[in-house]
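Structure data (compact mmCIF, C-alpha atoms and all ligand atoms) from input_23.txt:
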```
# COMPACT_ATOMS: atom_id res chain seq x y z
CA MET A 398 -15.20 9.21 -7.36
CA ARG A 399 -14.84 5.48 -7.97
CA ILE A 400 -12.11 3.82 -5.91
CA LEU A 401 -10.46 0.43 -6.43
CA LEU A 402 -9.14 -1.15 -3.25
CA THR A 403 -6.71 -4.06 -3.48
CA ASN A 404 -3.86 -5.56 -1.43
CA ASP A 405 -1.39 -8.45 -1.19
CA ASP A 406 -2.44 -9.86 2.20
CA GLY A 407 -5.61 -11.31 0.68
CA ILE A 408 -9.32 -10.55 0.60
CA GLY A 409 -9.78 -11.64 4.23
CA SER A 410 -7.14 -9.39 5.78
CA PRO A 411 -8.20 -6.92 8.50
CA GLY A 412 -6.14 -4.06 7.05
CA LEU A 413 -8.10 -4.24 3.79
CA TRP A 414 -11.45 -3.91 5.51
CA ALA A 415 -10.25 -1.26 7.97
CA VAL A 416 -9.45 1.09 5.08
CA ALA A 417 -12.58 -0.01 3.18
CA GLU A 418 -14.67 1.35 6.09
CA GLU A 419 -13.15 4.81 5.52
CA LEU A 420 -12.92 4.81 1.70
CA VAL A 421 -16.59 3.90 1.29
CA LYS A 422 -17.38 7.30 2.84
CA VAL A 423 -15.33 9.07 0.13
CA GLY A 424 -16.48 7.33 -3.05
CA ASP A 425 -17.98 4.30 -4.79
CA LEU A 426 -15.79 1.46 -3.57
CA VAL A 427 -14.82 -1.73 -5.40
CA VAL A 428 -12.63 -4.25 -3.56
CA ALA A 429 -10.69 -6.70 -5.76
CA ALA A 430 -7.94 -8.62 -3.99
CA PRO A 431 -6.14 -11.96 -4.13
CA GLY A 432 -8.11 -14.82 -2.62
CA GLU A 433 -4.97 -15.89 -0.76
CA GLU A 434 -2.06 -13.98 0.75
CA ARG A 435 0.48 -13.01 -1.94
CA SER A 436 2.96 -10.87 0.02
CA GLY A 437 6.27 -10.44 -1.80
CA ALA A 438 4.68 -10.94 -5.23
CA GLY A 439 6.01 -7.55 -6.35
CA THR A 440 4.75 -6.52 -9.78
CA SER A 441 4.42 -10.09 -11.09
CA ILE A 442 1.48 -10.97 -13.31
CA SER A 443 0.11 -14.38 -14.32
CA LEU A 444 0.94 -14.38 -18.01
CA ARG A 445 -0.97 -16.90 -20.16
CA LYS A 446 -2.55 -18.55 -17.11
CA PRO A 447 -6.26 -18.56 -16.25
CA ILE A 448 -7.32 -16.11 -13.55
CA TRP A 449 -10.64 -16.67 -11.82
CA VAL A 450 -12.71 -13.86 -10.35
CA GLN A 451 -15.46 -14.55 -7.82
CA GLU A 452 -17.80 -11.95 -6.35
CA VAL A 453 -17.76 -12.35 -2.56
CA PRO A 454 -19.74 -10.69 0.25
CA SER A 455 -18.41 -7.24 1.16
CA LYS A 456 -17.67 -6.65 4.84
CA VAL A 457 -18.68 -2.99 4.49
CA ASP A 458 -22.07 -1.76 3.32
CA GLY A 459 -22.19 -0.17 -0.12
CA ALA A 460 -19.07 -1.80 -1.62
CA GLN A 461 -18.67 -4.63 -4.12
CA ALA A 462 -15.98 -7.24 -3.46
CA TYR A 463 -14.17 -9.73 -5.68
CA ALA A 464 -11.66 -12.46 -4.84
CA VAL A 465 -9.08 -12.95 -7.61
CA SER A 466 -7.09 -16.16 -8.00
CA GLY A 467 -3.91 -14.41 -9.19
CA THR A 468 -1.35 -11.94 -7.88
CA PRO A 469 -1.98 -8.45 -6.44
CA ALA A 470 -1.05 -6.95 -9.83
CA ASP A 471 -3.45 -9.39 -11.57
CA SER A 472 -6.23 -8.22 -9.23
CA ALA A 473 -5.62 -4.58 -10.10
CA ILE A 474 -5.34 -5.25 -13.85
CA ILE A 475 -8.54 -7.34 -14.01
CA ALA A 476 -10.51 -4.76 -12.02
CA ILE A 477 -9.18 -1.81 -14.05
CA SER A 478 -9.44 -3.41 -17.49
CA CYS A 479 -12.38 -5.84 -17.20
CA LEU A 480 -14.65 -5.29 -14.19
CA PHE A 481 -14.98 -1.47 -14.39
CA PRO A 482 -13.02 -0.37 -17.48
CA GLY A 483 -12.14 3.32 -17.50
CA GLU A 484 -14.07 4.03 -14.30
CA PHE A 485 -11.51 4.25 -11.51
CA ASP A 486 -10.28 7.64 -10.26
CA LEU A 487 -8.07 6.16 -7.56
CA VAL A 488 -6.38 2.87 -6.67
CA VAL A 489 -5.57 2.13 -3.01
CA SER A 490 -3.49 -0.93 -2.09
CA GLY A 491 -3.37 -2.08 1.53
CA VAL A 492 -3.44 -1.56 4.38
CA ASN A 493 -0.51 -3.97 4.50
CA ARG A 494 0.48 -5.81 7.65
CA GLY A 495 4.14 -4.77 7.86
CA SER A 496 6.01 -1.82 6.40
CA ASN A 497 7.17 -1.29 2.82
CA LEU A 498 10.17 0.98 3.29
CA GLY A 499 13.29 1.60 1.26
CA HIS A 500 14.16 -1.26 -1.05
CA ASP A 501 10.99 -3.14 -0.02
CA VAL A 502 9.18 -1.19 -2.73
CA TYR A 503 10.89 -3.34 -5.38
CA VAL A 504 9.50 -6.65 -4.05
CA SER A 505 6.31 -5.51 -2.34
CA GLY A 506 3.02 -6.89 -3.66
CA THR A 507 1.27 -3.96 -2.00
CA VAL A 508 3.33 -1.50 -4.05
CA GLY A 509 3.17 -3.84 -7.08
CA ALA A 510 -0.63 -3.64 -7.18
CA ALA A 511 -0.59 0.15 -6.78
CA MET A 512 2.02 0.29 -9.57
CA GLN A 513 -0.58 -1.17 -11.97
CA GLY A 514 -2.91 1.72 -11.19
CA PHE A 515 -0.06 4.17 -11.85
CA LEU A 516 0.78 2.44 -15.16
CA HIS A 517 -2.90 2.80 -16.17
CA ASN A 518 -2.68 6.56 -15.46
CA ILE A 519 -4.80 6.34 -12.31
CA PRO A 520 -3.58 8.10 -9.13
CA SER A 521 -2.46 5.23 -6.89
CA ILE A 522 -1.53 4.83 -3.24
CA ALA A 523 0.13 1.93 -1.38
CA VAL A 524 -0.48 1.97 2.38
CA SER A 525 1.48 -0.12 4.90
CA MET A 526 1.77 -0.40 8.67
CA TYR A 527 5.12 -0.19 10.46
CA ALA A 528 4.01 -3.12 12.67
CA TYR A 529 3.23 -6.84 12.48
CA VAL A 530 1.33 -7.44 15.71
CA ASP A 531 -1.29 -5.58 17.76
CA ILE A 532 -1.95 -3.33 14.78
CA ASP A 533 -4.12 -0.23 15.09
CA TYR A 534 -5.21 0.41 11.48
CA ARG A 535 -7.14 3.61 12.23
CA THR A 536 -4.38 6.11 11.36
CA ALA A 537 -3.61 4.36 8.06
CA ALA A 538 -7.30 4.14 7.14
CA GLN A 539 -7.89 7.80 8.00
CA THR A 540 -4.77 8.91 6.10
CA ALA A 541 -5.82 7.01 2.96
CA ALA A 542 -9.30 8.54 3.09
CA LEU A 543 -7.90 12.05 3.63
CA ILE A 544 -5.56 11.69 0.66
CA ALA A 545 -8.47 10.35 -1.44
CA SER A 546 -10.43 13.50 -0.56
CA HIS A 547 -7.51 15.69 -1.63
CA ILE A 548 -7.32 13.83 -4.95
CA GLU A 549 -11.05 14.30 -5.46
CA SER A 550 -10.78 18.05 -4.72
CA GLY A 551 -7.88 18.42 -7.18
CA ALA A 552 -5.36 19.47 -4.49
CA LEU A 553 -3.33 16.43 -5.56
CA GLU A 554 -3.28 15.46 -9.22
CA GLY A 555 -1.58 12.65 -11.11
CA PRO A 556 0.54 11.06 -12.32
CA MET A 557 0.93 9.69 -8.85
CA LEU A 558 2.30 6.59 -7.16
CA LEU A 559 2.40 7.37 -3.47
CA ASN A 560 3.90 4.99 -0.91
CA VAL A 561 2.47 5.58 2.57
CA ASN A 562 3.90 4.00 5.72
CA VAL A 563 2.22 4.50 9.06
CA PRO A 564 3.54 4.08 12.62
CA ASN A 565 1.42 1.93 14.93
CA LEU A 566 -0.13 4.85 16.81
CA ALA A 567 -3.68 6.17 17.13
CA PRO A 568 -4.42 9.17 14.89
CA ASN A 569 -4.16 11.67 17.75
CA GLN A 570 -0.83 10.16 18.89
CA ILE A 571 1.19 10.49 15.70
CA HIS A 572 4.09 12.94 15.84
CA GLY A 573 3.42 14.36 12.39
CA VAL A 574 3.23 13.73 8.66
CA GLU A 575 6.41 13.85 6.54
CA VAL A 576 6.97 13.87 2.77
CA THR A 577 9.99 11.57 2.35
CA ARG A 578 12.32 9.80 -0.05
CA ILE A 579 13.01 6.07 0.09
CA SER A 580 15.74 5.02 2.48
CA ARG A 581 18.44 2.49 1.78
CA LYS A 582 16.79 0.07 4.20
CA ASN A 583 17.66 -3.34 2.92
CA TYR A 584 17.19 -6.99 3.65
CA CYS A 585 19.58 -9.86 3.68
CA ASP A 586 18.02 -13.02 2.33
CA ARG A 587 18.15 -15.90 4.76
CA ILE A 588 17.84 -19.21 2.95
CA GLU A 589 17.08 -22.41 4.77
CA LYS A 590 17.63 -25.83 3.25
CA ASP A 591 15.49 -28.80 4.21
CA TYR A 592 14.34 -32.17 2.93
CA ASP A 593 11.09 -33.98 2.50
CA ALA A 594 9.94 -37.09 0.64
CA SER A 595 10.40 -35.38 -2.74
CA GLY A 596 13.95 -34.32 -1.93
CA GLU A 597 15.87 -31.17 -1.08
CA TYR A 598 14.19 -27.78 -1.05
CA TYR A 599 14.94 -24.17 -0.11
CA VAL A 600 12.94 -21.61 1.87
CA ILE A 601 13.75 -17.92 1.50
CA THR A 602 13.00 -15.73 4.51
CA ARG A 603 14.23 -12.22 5.05
CA ASN A 604 16.13 -10.49 7.83
CA GLU A 605 15.80 -6.78 8.19
CA GLU A 606 18.98 -4.77 7.96
CA LEU A 607 18.25 -1.22 8.92
CA GLU A 608 20.96 0.57 7.00
CA ASP A 609 20.05 4.17 6.82
CA ALA A 610 17.55 6.14 8.84
CA ALA A 611 18.70 9.56 7.67
CA PRO A 612 16.28 12.46 8.27
CA GLY A 613 14.03 12.94 5.27
CA THR A 614 13.70 9.21 4.57
CA ASP A 615 10.67 6.94 4.98
CA LEU A 616 12.39 4.85 7.67
CA TRP A 617 13.35 7.91 9.71
CA ALA A 618 9.75 9.15 9.60
CA VAL A 619 8.10 5.97 10.91
CA GLU A 620 10.85 5.38 13.49
CA ASN A 621 10.01 8.84 14.79
CA GLY A 622 6.26 8.24 14.99
CA ARG A 623 5.46 10.12 11.79
CA VAL A 624 3.30 9.13 8.82
CA SER A 625 5.61 8.82 5.77
CA LEU A 626 4.42 9.93 2.31
CA THR A 627 6.91 8.88 -0.41
CA PRO A 628 6.25 9.69 -4.07
CA LEU A 629 7.48 6.84 -6.31
CA PRO A 630 9.28 6.42 -8.58
CA ASP A 631 11.50 9.43 -7.93
CA GLN A 632 12.50 9.86 -11.56
CA VAL A 633 8.90 10.06 -12.80
CA VAL A 634 7.20 12.09 -10.12
CA SER A 635 8.38 15.66 -10.29
CA ASP A 636 9.11 18.24 -7.61
CA ARG A 637 5.67 19.61 -8.44
CA PHE A 638 4.05 16.62 -6.72
CA PHE A 639 6.41 16.90 -3.73
CA ASN A 640 5.23 20.49 -3.38
CA GLN A 641 1.56 19.51 -3.69
CA LEU A 642 2.01 16.97 -0.91
CA ASN A 643 3.84 19.41 1.35
CA ARG A 644 0.99 21.88 0.91
CA ILE A 645 -1.58 19.41 2.32
CA VAL A 646 0.61 18.18 5.21
CA PRO A 647 -0.59 20.75 7.81
CA GLU A 648 -4.19 19.87 6.97
CA LEU A 649 -3.51 16.11 7.25
CA GLU A 650 -1.83 16.56 10.62
CA ALA A 651 -4.72 18.66 11.93
CA ALA A 652 -7.34 16.20 10.59
CA LEU A 653 -5.59 13.19 12.13
CA ARG A 654 -5.26 14.94 15.49
CA THR A 655 -8.99 15.51 15.59
CA ALA A 656 -10.15 12.37 13.72
CA VAL A 657 -13.32 10.73 15.00
CA VAL A 658 -12.58 7.00 15.13
MN MN B 701 1.55 -8.16 2.61
```

Any chance you could give the structure as structure tokens?
Amino acid sequence: MRILLTNDDGIGSPGLWAVAEELVKVGDLVVAAPGEERSGAGTSISLRKPIWVQEVPSKVDGAQAYAVSGTPADSAIIAISCLFPGEFDLVVSGVNRGSNLGHDVYVSGTVGAAMQGFLHNIPSIAVSMYAYVDIDYRTAAQTAALIASHIESGALEGPMLLNVNVPNLAPNQIHGVEVTRISRKNYCDRIEKDYDASGEYYVITRNEELEDAAPGTDLWAVENGRVSLTPLPDQVVSDRFFNQLNRIVPELEAALRTAVV
């Protein structure tokens, strides 16, 4: 299978190359990601603006890599429509530094890039870490590769936009794998006002407000040391896909417990 790997943390981010190491074992891997970090870009695309693509050295053997001057969604669109038209069987976005839980999915560049794969009828997965520092990417990388294998075997079939969030634990330390729905985890915007020589400006940062960690949600899963698999968007992905995912969960848990890393 041919796999497109993208992200929103940028072509140099460690999470991207950690999952590249595993995906290159599953299929022909193409990496196309923003040249700079574009976290929070959501699904935005650079309409009517030039987008430059530069082939760059791959950090894993056997993959091709491209830095794209636009957004995460631009990167996915250019790769899908121009670099390898009609050739991708899977789009993976991540592994993101920081989680994309609950309402994050509506602003996340990681999910926004995967969304482009989904809109082009390619099975697509967004993968994010429930951690910002001292990140162990191995469980996320292994999980993405295992899901890719299940897509290749036909155990999982599209349409598919799967949002994966992973606790910061080694593969053999996770407490399980859970098929979830998005929580109502929300943010409050914190806006700071400052001045410089050109005048007044605003900076938007975000404070987490953990609203709802009900069992069965993505937030509950990662807070309890479990890998969260959330099919998005709920109204498009049917119960059939929920059932497919639940069927592979025991196998994922067993494979992660015994993963060679
Ligand atoms: Mn990011």

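Separating atom CA of Asn497 of chain A from atom CA of Asn562 of chain A is a distance of 6.9 Å.
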
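If one restricts the calculation to all atoms listed in the file, the set of residues situated within 6 Å of ligand MN 701 (chain B) consists of Asp405, Asp406, Ser436, Asn493 and Arg494 of chain A.
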
- Who sits within 10 Å of segment 573-582 of chain A, all atoms listed in the file, same chain under 3 positions skipped, as a ChimeraX atom specification: /A:497-502,540,560-561,563,568-570,605-619,621-631,639-640,642-643,645-651,653-654

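A straight line drawn from atom CA of Ser490 of chain A to atom CA of Asp586 of chain A is 25.1 Å long.
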
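Between atom CA of Ala528 of chain A and atom CA of Leu401 of chain A there is a distance of 24.2 Å.
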
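Distances from A:Leu559, A:Leu444, A:Ile519, A:Leu420 to Ser478 of chain A were compared using only C-alpha atoms, and the smallest one belongs to A:Ile519.
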
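Using only C-alpha atoms, the nearest neighbour of Phe485 of chain A within the list A:Asp533, A:Glu418, A:Glu434, A:Glu549 is A:Glu549.
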
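Ranking A:Ser595, A:Asn518, A:Asn404, A:Gln451 by their shortest atom-to-atom distance to Gly555 of chain A, with all atoms listed in the file included, puts A:Asn518 first.
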
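Every protein or nucleic acid residue with an atom no more than 6 Å from segment 472-476 of chain A, counting all atoms listed in the file and leaving out same-chain residues fewer than 2 positions away, appears here: Ala429, Ala430, Val465, Pro469, Ala470, Ser478, Cys479, Leu480 and Ala510 of chain A.
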
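The residue that comes closest to Phe481 of chain A, out of A:Ala523, A:Ala464, A:Ile400, A:Leu558 and on the basis of all atoms listed in the file, is A:Ile400.
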
Could you write out as lines of an AutoDock Vina configuration file the box around segment 650-656 of chain A (axis-aligned, all atoms listed in the file, 4 Å on each side), with centre and edge lengths in Å to one decimal?
```
center_x = -6.0
center_y = 15.5
center_z = 13.1
size_x = 16.3
size_y = 14.3
size_z = 13.0
```

- Task: May I have the residues within 8 Å of Glu433 of chain A as a ChimeraX atom specification, using all atoms listed in the file and disregarding those fewer than 6 positions away in the same chain?
- Result: /A:406-408,466

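Residue nearest Ala460 of chain A within the list A:Gly437, A:Gly409, A:Gly424, A:Gly491: A:Gly424 [criterion: smallest interatomic distance, all atoms listed in the file].
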
- Considering all atoms listed in the file, state which residue in the set A:Ala552, A:Ile477, A:Ala538, A:Val427 is at the smallest distance from Val453 of chain A. A:Val427

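Close contacts of Pro520 of chain A, defined as residues with an atom at most 10 Å away when counting only C-alpha atoms, with chain neighbours fewer than 6 positions off set aside, comprise Phe485, Asp486, Leu487, Val488, Val489, Ala511, Met512, Gly514, Ala545, Ile548, Leu553, Glu554, Gly555, Pro556, Met557, Leu558 and Leu559 of chain A.
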